[in-house]
Every structure is written in C-alpha cells, then in structure tokens.
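Read through the structure below, which is laid out as structure tokens, and then see the notes.
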Amino acid sequence: MSESRQRRKPVKLFYCGTSFYVKNLHKHWMLISDGVAKHYLIRAGFRAGKSEGTLTEADSQLLTVRERDCVTFAGPIAGQKSGLLIYNGQRMLVTSSPELPIPKKGGFPLWEEILSAQYGDALPLLLEWLRQAYLRVLNGGGPLLPALAIAGATGTGKTLVGDVLTRALLGGRSANPVMYMRGETTFNADVCGSELLMLDDIPSRMQKDSLDSFQGQLKQMIAAPFDTLHAKGKEALKVPVVRAVMLCLNDQPHNFRILPLDDGDLDDKLMLLRVRERPACLPQSHDYEQQIALGKALTKEIPHLLWHLLNDFKMPKARLWERGQPCFRDPALLATAFENDSVSRVLWLFDKVPELTTAAKTAHELDLYLRDQLGALAANILDAGKYPLNLGAILRSAQSRFPDRVVKAEGEGHGGVSKWTVNRAEPGR
C-alpha cells in the first residue's frame, strides 16, 4: 500500500441528484458543490494532480460516491435520526435529527399556573398527550397519537402550549400545513420534516372541495405512520414520520366546521380540549418586553416540566385513552359546535312533531312528513338559505353522531333509496 493511501482519512459523502452532502462539525448534513466535495477529499489525502487521459484520485472518488452513495432525497424527516434511511426501497439522507430537550429535575411554577388556569380538571389529558408525544419522537415511533384540538376565546393564550411548549418538547421543528391540506400547494417538504404540525388561523368558511381535501389530509396525518413527501423538483415518495398534530381554534360555532366531529372513524383519533380562561401572568399583546421575558422564563422551565412528565406524573387509569375507545371531547365545546348546525336543527324539528312516526321512510318522505306536521316551522328550517337542506345527507351525518336516534332501515325505497327511522331525544338530553 502506497504512503499516500496510508495517509488518507475517511470522508463520508452522499450524492443527491446534483449536489453532495457532508456532515459538518455540528453533526448536521450540509449541501456542498462538486468543487467543495473535492476539497474535502484532497484534505483527506486523495491526490488532486491531473494526468493525461485519466481521472485524478479525487475525481475518481467523487464518481464512486455518485454511483454508490446516491440518495433520492436529502432533508429532515419528522422523527427520524440523522443519517442514511432506507424505506420502501428508497435511499434517503436524513440531514438533521430533532433536538429534544434533556429532562432536568426542578420546579415549573409558571407553566403550572398557566396550564392549570387554561385547562382546569382536563389538564391531565393534556399532560398525558404531551408525554406520549415526546416519547414517540424519542423512541422513533410507538402507538399512534390522537390529534389534539384546543379551542377557547380570543386572548386566552391558546397557541402558547403549541408554539412554546409542544414545539420545544418535540425537538424545535414545526409547520403549519393548512395550505397543503386545502390543496393550494402540492409541495410539503416542510410538513414531512416537522415533528409538530400546528394548525392555526384555519379558514372556517372553505368551499366544499377545499374542506373535503382538508379533512381527508387531517385523517391521513392522524391515522398513518407515513406521509407522501413531495419536494420541489423531486418525485413524490413515501417516508416514515413520527409527529404530533395540534389544532388551535377560536370557540365560535362556525370555526368547528373544519373538524370532522361526526366522523365515527376519528372518534378515537381526535381529542377536543377547552381553554377556559386567560392566565393572570400573561402580558398584554402590546407589551413586547414582557412577552419576551415570559418566553425566556417558560423556555427555561421546559426541562423541569419534562422531568415531571417522565418521572412524577401518572395519568389516572380511568381517563387513559386507548385505540378503539373514544377520545375526550369537551361537552361545552361540542354543544357550541353543534348548536346551529343543520343536523341539530333537523333533529329538533322531529322532537316537535306531536306523534312521531315509527315507520321507515325515505328522506323525501320524511321531508314531506315534517312539512305536513309542522308547516311554516319546518319550512323555515328545511328551506333555510338559498336551497332546501339535503335531508338525505343530514340523516347520514346524524346517524354517525346520534346512532340511537337515527337508524338506517334494512329495506330500501324505490330505486334503492335508503329508508330511515328517527327517534325522539331522551328526556333531559
């Protein structure tokens, strides 16, 4: 073996389409050009001199890297550690790991004051969700976590638990995927590279196509341990992701329209918590100096809160959620969400009928029945807006939300149309 070969130092390079990647002193993979890649090889001992009709040692090694150490994607992937990842037959270079905080024993009085004021007796549910979210990222996977929707009045500090606490606990990377979920962009590299998906400022009055796309993407993000990554200039590919999904809403009724609360498939995959009041320690929105000071103090307490979650906190067994069991959803928020929707209004109409029919009827027959029994009262509700309500769609939605009240009959009407029976609400309901 020649002296030059003995003096060489190992240099690990990856090649992704047009560029090379090398690990820097901070242990992150960084993008470099061909010329810089050659500089790394020369420094490591590869000869750079040229000879007629042959490649230099450095050029030859770069060609080897292009052939042997090529990858289809290079970038962060949520929940995956830095290095080569082979998934679904694809070679990918994960360029950075989530930087998780290290738990440290100590007090966290500010977080205790804020979270107790905001969540009251539902606080254990939030803490257990945070604990499981952290452990999933730490371990690179685990049981799927339900999405967490939090809602409250303006000014109660709803986003604080996401923007400051959850993002830090999960490694510091977050993205708002609303544009992607509505179909306004097909590129989602930032979404696939973030351990926290924080959905804030969600338009509540989407067109039906946008709403269907949004809810379909939400269901996929909650229920699947992978995503389809589509970076600009690259073909889409499946990647394994470990992340948490959080939604922040103001508590007006129309804002809940974006949540698929009547989708039975999401009963165990979507939790809804209420932010009850504004903590006294939160500064006013115009007091920037106090906001910065509070942010620093809260960040300093996060390792102590994490220690508490991992060592001292125990979720009461009676309140633990399991896959297949419905998640907790705050009753006051559900009442707000459903108080003005068409399903609730139509069921209210049936409760007003003096003698409710027990015979199975099609949606059209039930529409005529309500109008005959209640006259103008039914017309005002069924014809609300520019077009009459689609009673068939309402009954299908009502069946998933209130299966004891709306039942699909076994028989069918003319042309295969479904028949329904509707029961009265139970007393006190």
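Chains: A, B, ... in order of the structure tokens. Residues: from 1 per chain. Ligands: from 1, in order shown.
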Sort by chain and increasing residue number a table of all residues of region 65-164 of chain A within 8 Å of region 254-276 of chain A, each with its closest pair of atoms and their distance in Å to one decimal, counting only C-alpha atoms, and write it as JSON lines.
```
{"residue": "A:Ala117", "atom": "CA", "partner": "A:Arg276", "partner_atom": "CA", "distance": 7.0}
{"residue": "A:Gln118", "atom": "CA", "partner": "A:Val275", "partner_atom": "CA", "distance": 4.8}
{"residue": "A:Tyr119", "atom": "CA", "partner": "A:Val275", "partner_atom": "CA", "distance": 5.5}
{"residue": "A:Gly120", "atom": "CA", "partner": "A:Arg276", "partner_atom": "CA", "distance": 7.5}
{"residue": "A:Ala122", "atom": "CA", "partner": "A:Leu273", "partner_atom": "CA", "distance": 7.3}
{"residue": "A:Leu145", "atom": "CA", "partner": "A:Lys269", "partner_atom": "CA", "distance": 7.2}
{"residue": "A:Pro146", "atom": "CA", "partner": "A:Lys269", "partner_atom": "CA", "distance": 4.1}
{"residue": "A:Ala147", "atom": "CA", "partner": "A:Leu270", "partner_atom": "CA", "distance": 4.8}
{"residue": "A:Leu148", "atom": "CA", "partner": "A:Met271", "partner_atom": "CA", "distance": 5.0}
{"residue": "A:Ala149", "atom": "CA", "partner": "A:Leu272", "partner_atom": "CA", "distance": 4.8}
{"residue": "A:Ile150", "atom": "CA", "partner": "A:Leu273", "partner_atom": "CA", "distance": 4.8}
{"residue": "A:Ala151", "atom": "CA", "partner": "A:Arg274", "partner_atom": "CA", "distance": 5.1}
{"residue": "A:Gly152", "atom": "CA", "partner": "A:Val275", "partner_atom": "CA", "distance": 4.7}
{"residue": "A:Ala153", "atom": "CA", "partner": "A:Val275", "partner_atom": "CA", "distance": 7.5}
{"residue": "A:Thr156", "atom": "CA", "partner": "A:Val275", "partner_atom": "CA", "distance": 6.9}
{"residue": "A:Lys158", "atom": "CA", "partner": "A:Val275", "partner_atom": "CA", "distance": 6.6}
```
Taking N, CA, C and O atoms for each residue, export the selection above as a short mmCIF file (atom, residue, chain, number, x, y, z; two decimals), in the first residue's frame.
```cif
data_model
loop_
_atom_site.label_atom_id
_atom_site.label_comp_id
_atom_site.auth_asym_id
_atom_site.auth_seq_id
_atom_site.Cartn_x
_atom_site.Cartn_y
_atom_site.Cartn_z
N ALA A 117 -54.79 27.20 34.87
CA ALA A 117 -55.84 28.18 34.58
C ALA A 117 -56.53 27.86 33.26
O ALA A 117 -57.74 27.99 33.13
N GLN A 118 -55.76 27.42 32.28
CA GLN A 118 -56.33 27.20 30.95
C GLN A 118 -57.15 25.91 30.86
O GLN A 118 -58.19 25.89 30.20
N TYR A 119 -56.70 24.84 31.52
CA TYR A 119 -57.32 23.54 31.27
C TYR A 119 -58.04 22.94 32.47
O TYR A 119 -58.79 21.97 32.31
N GLY A 120 -57.86 23.48 33.65
CA GLY A 120 -58.62 23.01 34.81
C GLY A 120 -58.50 21.51 35.02
O GLY A 120 -57.40 20.95 34.98
N ALA A 122 -59.20 19.17 33.11
CA ALA A 122 -58.80 18.42 31.91
C ALA A 122 -57.28 18.44 31.71
O ALA A 122 -56.79 17.84 30.75
N LEU A 145 -50.77 8.62 18.04
CA LEU A 145 -51.28 9.61 18.98
C LEU A 145 -52.48 10.32 18.37
O LEU A 145 -52.46 10.69 17.20
N PRO A 146 -53.55 10.53 19.14
CA PRO A 146 -54.66 11.30 18.57
C PRO A 146 -54.26 12.75 18.32
O PRO A 146 -53.35 13.27 18.97
N ALA A 147 -54.91 13.37 17.37
CA ALA A 147 -54.72 14.80 17.18
C ALA A 147 -55.36 15.53 18.36
O ALA A 147 -56.34 15.06 18.94
N LEU A 148 -54.79 16.67 18.72
CA LEU A 148 -55.32 17.47 19.83
C LEU A 148 -55.83 18.79 19.27
O LEU A 148 -55.07 19.59 18.71
N ALA A 149 -57.13 19.02 19.41
CA ALA A 149 -57.74 20.29 19.05
C ALA A 149 -58.02 21.05 20.33
O ALA A 149 -58.61 20.49 21.27
N ILE A 150 -57.57 22.30 20.41
CA ILE A 150 -57.85 23.13 21.58
C ILE A 150 -58.59 24.38 21.10
O ILE A 150 -58.27 24.95 20.06
N ALA A 151 -59.59 24.76 21.86
CA ALA A 151 -60.42 25.89 21.46
C ALA A 151 -60.74 26.75 22.68
O ALA A 151 -60.88 26.25 23.79
N GLY A 152 -60.83 28.03 22.45
CA GLY A 152 -61.16 28.95 23.53
C GLY A 152 -61.36 30.35 22.98
O GLY A 152 -61.21 30.59 21.77
N ALA A 153 -61.68 31.27 23.85
CA ALA A 153 -61.94 32.65 23.45
C ALA A 153 -60.64 33.34 23.01
O ALA A 153 -59.54 32.93 23.39
N THR A 156 -56.96 34.09 25.20
CA THR A 156 -56.73 33.18 26.34
C THR A 156 -55.38 32.48 26.25
O THR A 156 -55.05 31.66 27.10
N LYS A 158 -54.20 30.46 23.68
CA LYS A 158 -54.35 29.09 23.18
C LYS A 158 -53.08 28.57 22.52
O LYS A 158 -52.73 27.41 22.68
#
```
Enumerate the residues of region 44-239 of chain A with a DSSP assignment of strand (DSSP E or B), computed from the backbone, and present them as a ChimeraX atom specification. /A:70,73-75,83-87,90-94,147-152,174-175,196-199,226-229,237-239
Quick one: pick out all helix (DSSP H, G or I) residues within region 178-374 of chain A from a backbone DSSP run and write them as a PDB file with C-alpha atoms, in the first residue's frame.
```pdb
ATOM      1  CA  VAL A 178     -53.095  24.333   6.088  1.00  0.00           C
ATOM      2  CA  MET A 179     -52.245  25.465   2.516  1.00  0.00           C
ATOM      3  CA  TYR A 180     -51.105  21.945   1.610  1.00  0.00           C
ATOM      4  CA  MET A 181     -54.159  20.369   3.231  1.00  0.00           C
ATOM      5  CA  ALA A 189     -41.185  19.050   2.437  1.00  0.00           C
ATOM      6  CA  ASP A 190     -41.581  21.342   5.475  1.00  0.00           C
ATOM      7  CA  VAL A 191     -44.615  19.311   6.620  1.00  0.00           C
ATOM      8  CA  CYS A 192     -42.780  15.990   6.356  1.00  0.00           C
ATOM      9  CA  LYS A 208     -66.650  22.091  -0.177  1.00  0.00           C
ATOM     10  CA  ASP A 209     -63.716  20.832  -2.278  1.00  0.00           C
ATOM     11  CA  SER A 210     -61.196  22.564  -0.001  1.00  0.00           C
ATOM     12  CA  LEU A 211     -62.972  21.306   3.118  1.00  0.00           C
ATOM     13  CA  ASP A 212     -63.068  17.735   1.824  1.00  0.00           C
ATOM     14  CA  SER A 213     -59.355  17.925   0.964  1.00  0.00           C
ATOM     15  CA  PHE A 214     -58.545  19.420   4.365  1.00  0.00           C
ATOM     16  CA  GLN A 215     -60.442  16.778   6.339  1.00  0.00           C
ATOM     17  CA  GLY A 216     -59.044  13.951   4.212  1.00  0.00           C
ATOM     18  CA  GLN A 217     -55.475  15.150   4.789  1.00  0.00           C
ATOM     19  CA  LEU A 218     -56.155  15.571   8.518  1.00  0.00           C
ATOM     20  CA  LYS A 219     -57.379  11.992   8.753  1.00  0.00           C
ATOM     21  CA  GLN A 220     -54.262  10.763   6.935  1.00  0.00           C
ATOM     22  CA  MET A 221     -51.922  12.757   9.185  1.00  0.00           C
ATOM     23  CA  ILE A 222     -53.534  11.356  12.324  1.00  0.00           C
ATOM     24  CA  ALA A 223     -54.011   7.741  11.329  1.00  0.00           C
ATOM     25  CA  PRO A 253     -69.638  27.828  16.348  1.00  0.00           C
ATOM     26  CA  HIS A 254     -68.623  28.331  12.700  1.00  0.00           C
ATOM     27  CA  ASN A 255     -64.956  27.581  13.464  1.00  0.00           C
ATOM     28  CA  PHE A 256     -65.763  23.975  14.388  1.00  0.00           C
ATOM     29  CA  ARG A 257     -66.947  23.280  10.849  1.00  0.00           C
ATOM     30  CA  ILE A 258     -63.411  22.273   9.834  1.00  0.00           C
ATOM     31  CA  GLY A 264     -67.013   7.856  13.521  1.00  0.00           C
ATOM     32  CA  ASP A 265     -63.604   6.712  12.230  1.00  0.00           C
ATOM     33  CA  LEU A 266     -61.992   9.589  14.131  1.00  0.00           C
ATOM     34  CA  TYR A 288     -43.382  43.088  23.827  1.00  0.00           C
ATOM     35  CA  GLU A 289     -40.683  43.288  26.502  1.00  0.00           C
ATOM     36  CA  GLN A 290     -42.823  41.356  28.980  1.00  0.00           C
ATOM     37  CA  GLN A 291     -43.704  38.802  26.304  1.00  0.00           C
ATOM     38  CA  ILE A 292     -40.027  38.194  25.548  1.00  0.00           C
ATOM     39  CA  ALA A 293     -39.202  37.908  29.252  1.00  0.00           C
ATOM     40  CA  LEU A 294     -42.032  35.442  29.824  1.00  0.00           C
ATOM     41  CA  GLY A 295     -40.973  33.383  26.798  1.00  0.00           C
ATOM     42  CA  LYS A 296     -37.431  33.059  28.152  1.00  0.00           C
ATOM     43  CA  ALA A 297     -38.693  32.085  31.601  1.00  0.00           C
ATOM     44  CA  LEU A 298     -41.073  29.476  30.163  1.00  0.00           C
ATOM     45  CA  THR A 299     -38.341  28.005  27.954  1.00  0.00           C
ATOM     46  CA  LYS A 300     -36.079  27.680  30.985  1.00  0.00           C
ATOM     47  CA  GLU A 301     -38.756  25.665  32.804  1.00  0.00           C
ATOM     48  CA  ILE A 302     -39.381  23.163  29.986  1.00  0.00           C
ATOM     49  CA  PRO A 303     -36.701  20.619  31.065  1.00  0.00           C
ATOM     50  CA  HIS A 304     -38.249  20.655  34.575  1.00  0.00           C
ATOM     51  CA  LEU A 305     -41.754  20.100  33.239  1.00  0.00           C
ATOM     52  CA  LEU A 306     -40.415  17.273  31.083  1.00  0.00           C
ATOM     53  CA  TRP A 307     -38.852  15.632  34.141  1.00  0.00           C
ATOM     54  CA  HIS A 308     -42.220  15.817  35.854  1.00  0.00           C
ATOM     55  CA  LEU A 309     -43.960  14.199  32.868  1.00  0.00           C
ATOM     56  CA  LEU A 310     -41.489  11.313  32.728  1.00  0.00           C
ATOM     57  CA  ASN A 311     -40.959  10.647  36.430  1.00  0.00           C
ATOM     58  CA  ASP A 312     -43.725  12.073  38.635  1.00  0.00           C
ATOM     59  CA  LYS A 317     -56.337   4.921  34.635  1.00  0.00           C
ATOM     60  CA  ALA A 318     -59.982   5.868  34.320  1.00  0.00           C
ATOM     61  CA  ARG A 319     -59.058   8.715  31.940  1.00  0.00           C
ATOM     62  CA  PRO A 331     -69.041  18.819  26.285  1.00  0.00           C
ATOM     63  CA  ALA A 332     -69.315  22.618  26.280  1.00  0.00           C
ATOM     64  CA  LEU A 333     -67.361  22.840  23.032  1.00  0.00           C
ATOM     65  CA  LEU A 334     -69.435  20.090  21.430  1.00  0.00           C
ATOM     66  CA  ALA A 335     -72.611  21.940  22.382  1.00  0.00           C
ATOM     67  CA  THR A 336     -71.203  25.077  20.760  1.00  0.00           C
ATOM     68  CA  ALA A 337     -70.106  23.185  17.657  1.00  0.00           C
ATOM     69  CA  PHE A 338     -73.499  21.601  17.090  1.00  0.00           C
ATOM     70  CA  SER A 342     -78.270  21.546  10.244  1.00  0.00           C
ATOM     71  CA  VAL A 343     -78.235  18.100  11.929  1.00  0.00           C
ATOM     72  CA  SER A 344     -79.173  19.527  15.315  1.00  0.00           C
ATOM     73  CA  ARG A 345     -81.902  21.732  13.840  1.00  0.00           C
ATOM     74  CA  VAL A 346     -83.482  18.865  11.899  1.00  0.00           C
ATOM     75  CA  LEU A 347     -83.468  16.574  14.947  1.00  0.00           C
ATOM     76  CA  TRP A 348     -85.044  19.416  16.930  1.00  0.00           C
ATOM     77  CA  LEU A 349     -87.815  19.505  14.308  1.00  0.00           C
ATOM     78  CA  PHE A 350     -88.539  15.807  14.792  1.00  0.00           C
ATOM     79  CA  ASP A 351     -88.831  16.390  18.540  1.00  0.00           C
ATOM     80  CA  LYS A 352     -91.541  18.992  17.815  1.00  0.00           C
ATOM     81  CA  ALA A 363     -85.510  11.258   3.098  1.00  0.00           C
ATOM     82  CA  HIS A 364     -88.041  12.731   0.640  1.00  0.00           C
ATOM     83  CA  GLU A 365     -90.947  11.150   2.527  1.00  0.00           C
ATOM     84  CA  LEU A 366     -89.623  12.451   5.853  1.00  0.00           C
ATOM     85  CA  ASP A 367     -89.269  15.934   4.340  1.00  0.00           C
ATOM     86  CA  LEU A 368     -92.931  15.880   3.276  1.00  0.00           C
ATOM     87  CA  TYR A 369     -93.914  14.431   6.670  1.00  0.00           C
ATOM     88  CA  LEU A 370     -92.225  17.249   8.613  1.00  0.00           C
ATOM     89  CA  ARG A 371     -93.751  19.921   6.393  1.00  0.00           C
ATOM     90  CA  ASP A 372     -97.210  18.373   6.758  1.00  0.00           C
ATOM     91  CA  GLN A 373     -96.916  18.097  10.545  1.00  0.00           C
ATOM     92  CA  LEU A 374     -95.198  21.405  11.338  1.00  0.00           C
TER      93      LEU A 374
END
```
A straight line from CA of Thr95 (chain A) to CA of Gly75 (chain A) spans 4.9 Å
Would you pick out the contacts of Thr159 (chain A) at 10 Å or less, using only C-alpha atoms, so that residues sharing its chain but fewer than 6 positions from it are not included, and give the list as a PyMOL selection string?
chain A and resi 150-151+165-166+198-200+246-249
Quick one: write out the picked residues with N, CA, C and O atoms as a CSV table (one decimal), in the first residue's frame?
```csv
chain,number,residue,atom,x,y,z
A,150,ILE,N,-57.6,22.3,20.4
A,150,ILE,CA,-57.8,23.1,21.6
A,150,ILE,C,-58.6,24.4,21.1
A,150,ILE,O,-58.3,24.9,20.1
A,151,ALA,N,-59.6,24.8,21.9
A,151,ALA,CA,-60.4,25.9,21.5
A,151,ALA,C,-60.7,26.8,22.7
A,151,ALA,O,-60.9,26.2,23.8
A,165,LEU,N,-44.4,25.3,24.2
A,165,LEU,CA,-44.1,24.1,24.9
A,165,LEU,C,-44.0,22.8,24.0
A,165,LEU,O,-43.0,22.1,24.0
A,166,THR,N,-45.0,22.6,23.2
A,166,THR,CA,-45.0,21.3,22.4
A,166,THR,C,-43.9,21.3,21.4
A,166,THR,O,-43.2,20.3,21.2
A,198,MET,N,-48.7,22.3,13.6
A,198,MET,CA,-49.5,23.2,14.3
A,198,MET,C,-50.5,24.0,13.4
A,198,MET,O,-50.0,24.8,12.6
A,199,LEU,N,-51.7,23.6,13.4
A,199,LEU,CA,-52.7,24.2,12.5
A,199,LEU,C,-53.4,25.4,13.2
A,199,LEU,O,-54.2,25.2,14.2
A,200,ASP,N,-53.0,26.6,12.8
A,200,ASP,CA,-53.6,27.8,13.4
A,200,ASP,C,-54.1,28.7,12.3
A,200,ASP,O,-53.7,28.5,11.1
A,246,MET,N,-51.6,19.3,16.2
A,246,MET,CA,-52.4,20.1,17.1
A,246,MET,C,-53.1,21.2,16.3
A,246,MET,O,-52.6,21.7,15.4
A,247,LEU,N,-54.4,21.4,16.7
A,247,LEU,CA,-55.2,22.4,16.0
A,247,LEU,C,-55.6,23.5,17.0
A,247,LEU,O,-56.0,23.1,18.2
A,248,CYS,N,-55.6,24.7,16.7
A,248,CYS,CA,-56.0,25.8,17.6
A,248,CYS,C,-57.2,26.6,16.9
A,248,CYS,O,-57.1,27.0,15.8
A,249,LEU,N,-58.3,26.7,17.7
A,249,LEU,CA,-59.5,27.3,17.2
A,249,LEU,C,-60.0,28.4,18.2
A,249,LEU,O,-59.9,28.2,19.4
```
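Straight-line separation from CA of Leu85 (chain A) to CA of Lys23 (chain A): 15.2 Å.
Closest to Thr421 (chain A) among A:Met92, A:Ala398, A:Ile381, A:Ala359 is A:Ala359, based on only C-alpha atoms.
Nearest to Arg243 (chain A) of all the residues A:Gly140, A:Gly49, A:Gly162, A:Pro124 is A:Gly140, based on only C-alpha atoms.
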- request: For Ala78 (chain A), list every protein, DNA or RNA residue within 7 Å, evaluated using only C-alpha atoms, and leave out those in the same chain fewer than 5 positions away; present the list as a ChimeraX atom specification.
  value: /A:192-195,241-243
Serialized selection, N, CA, C and O atoms, as a compact mmCIF listing (two decimals), in the first residue's frame:
```
# COMPACT_ATOMS: atom_id res chain seq x y z
N CYS A 192 -43.36 17.30 6.07
CA CYS A 192 -42.78 15.99 6.36
C CYS A 192 -41.53 16.10 7.23
O CYS A 192 -41.09 15.10 7.80
N GLY A 193 -40.96 17.29 7.33
CA GLY A 193 -39.76 17.47 8.14
C GLY A 193 -40.01 18.01 9.53
O GLY A 193 -39.05 18.34 10.24
N SER A 194 -41.26 18.09 9.96
CA SER A 194 -41.59 18.71 11.25
C SER A 194 -42.28 17.72 12.18
O SER A 194 -43.26 17.07 11.78
N GLU A 195 -41.78 17.64 13.41
CA GLU A 195 -42.39 16.74 14.40
C GLU A 195 -43.70 17.29 14.94
O GLU A 195 -44.51 16.54 15.47
N VAL A 241 -42.91 8.86 9.22
CA VAL A 241 -42.88 10.08 10.03
C VAL A 241 -43.36 9.78 11.45
O VAL A 241 -44.20 8.91 11.66
N VAL A 242 -42.80 10.52 12.41
CA VAL A 242 -43.24 10.45 13.80
C VAL A 242 -43.52 11.89 14.22
O VAL A 242 -42.59 12.70 14.30
N ARG A 243 -44.77 12.21 14.49
CA ARG A 243 -45.12 13.60 14.76
C ARG A 243 -46.42 13.68 15.54
O ARG A 243 -47.10 12.68 15.77
```
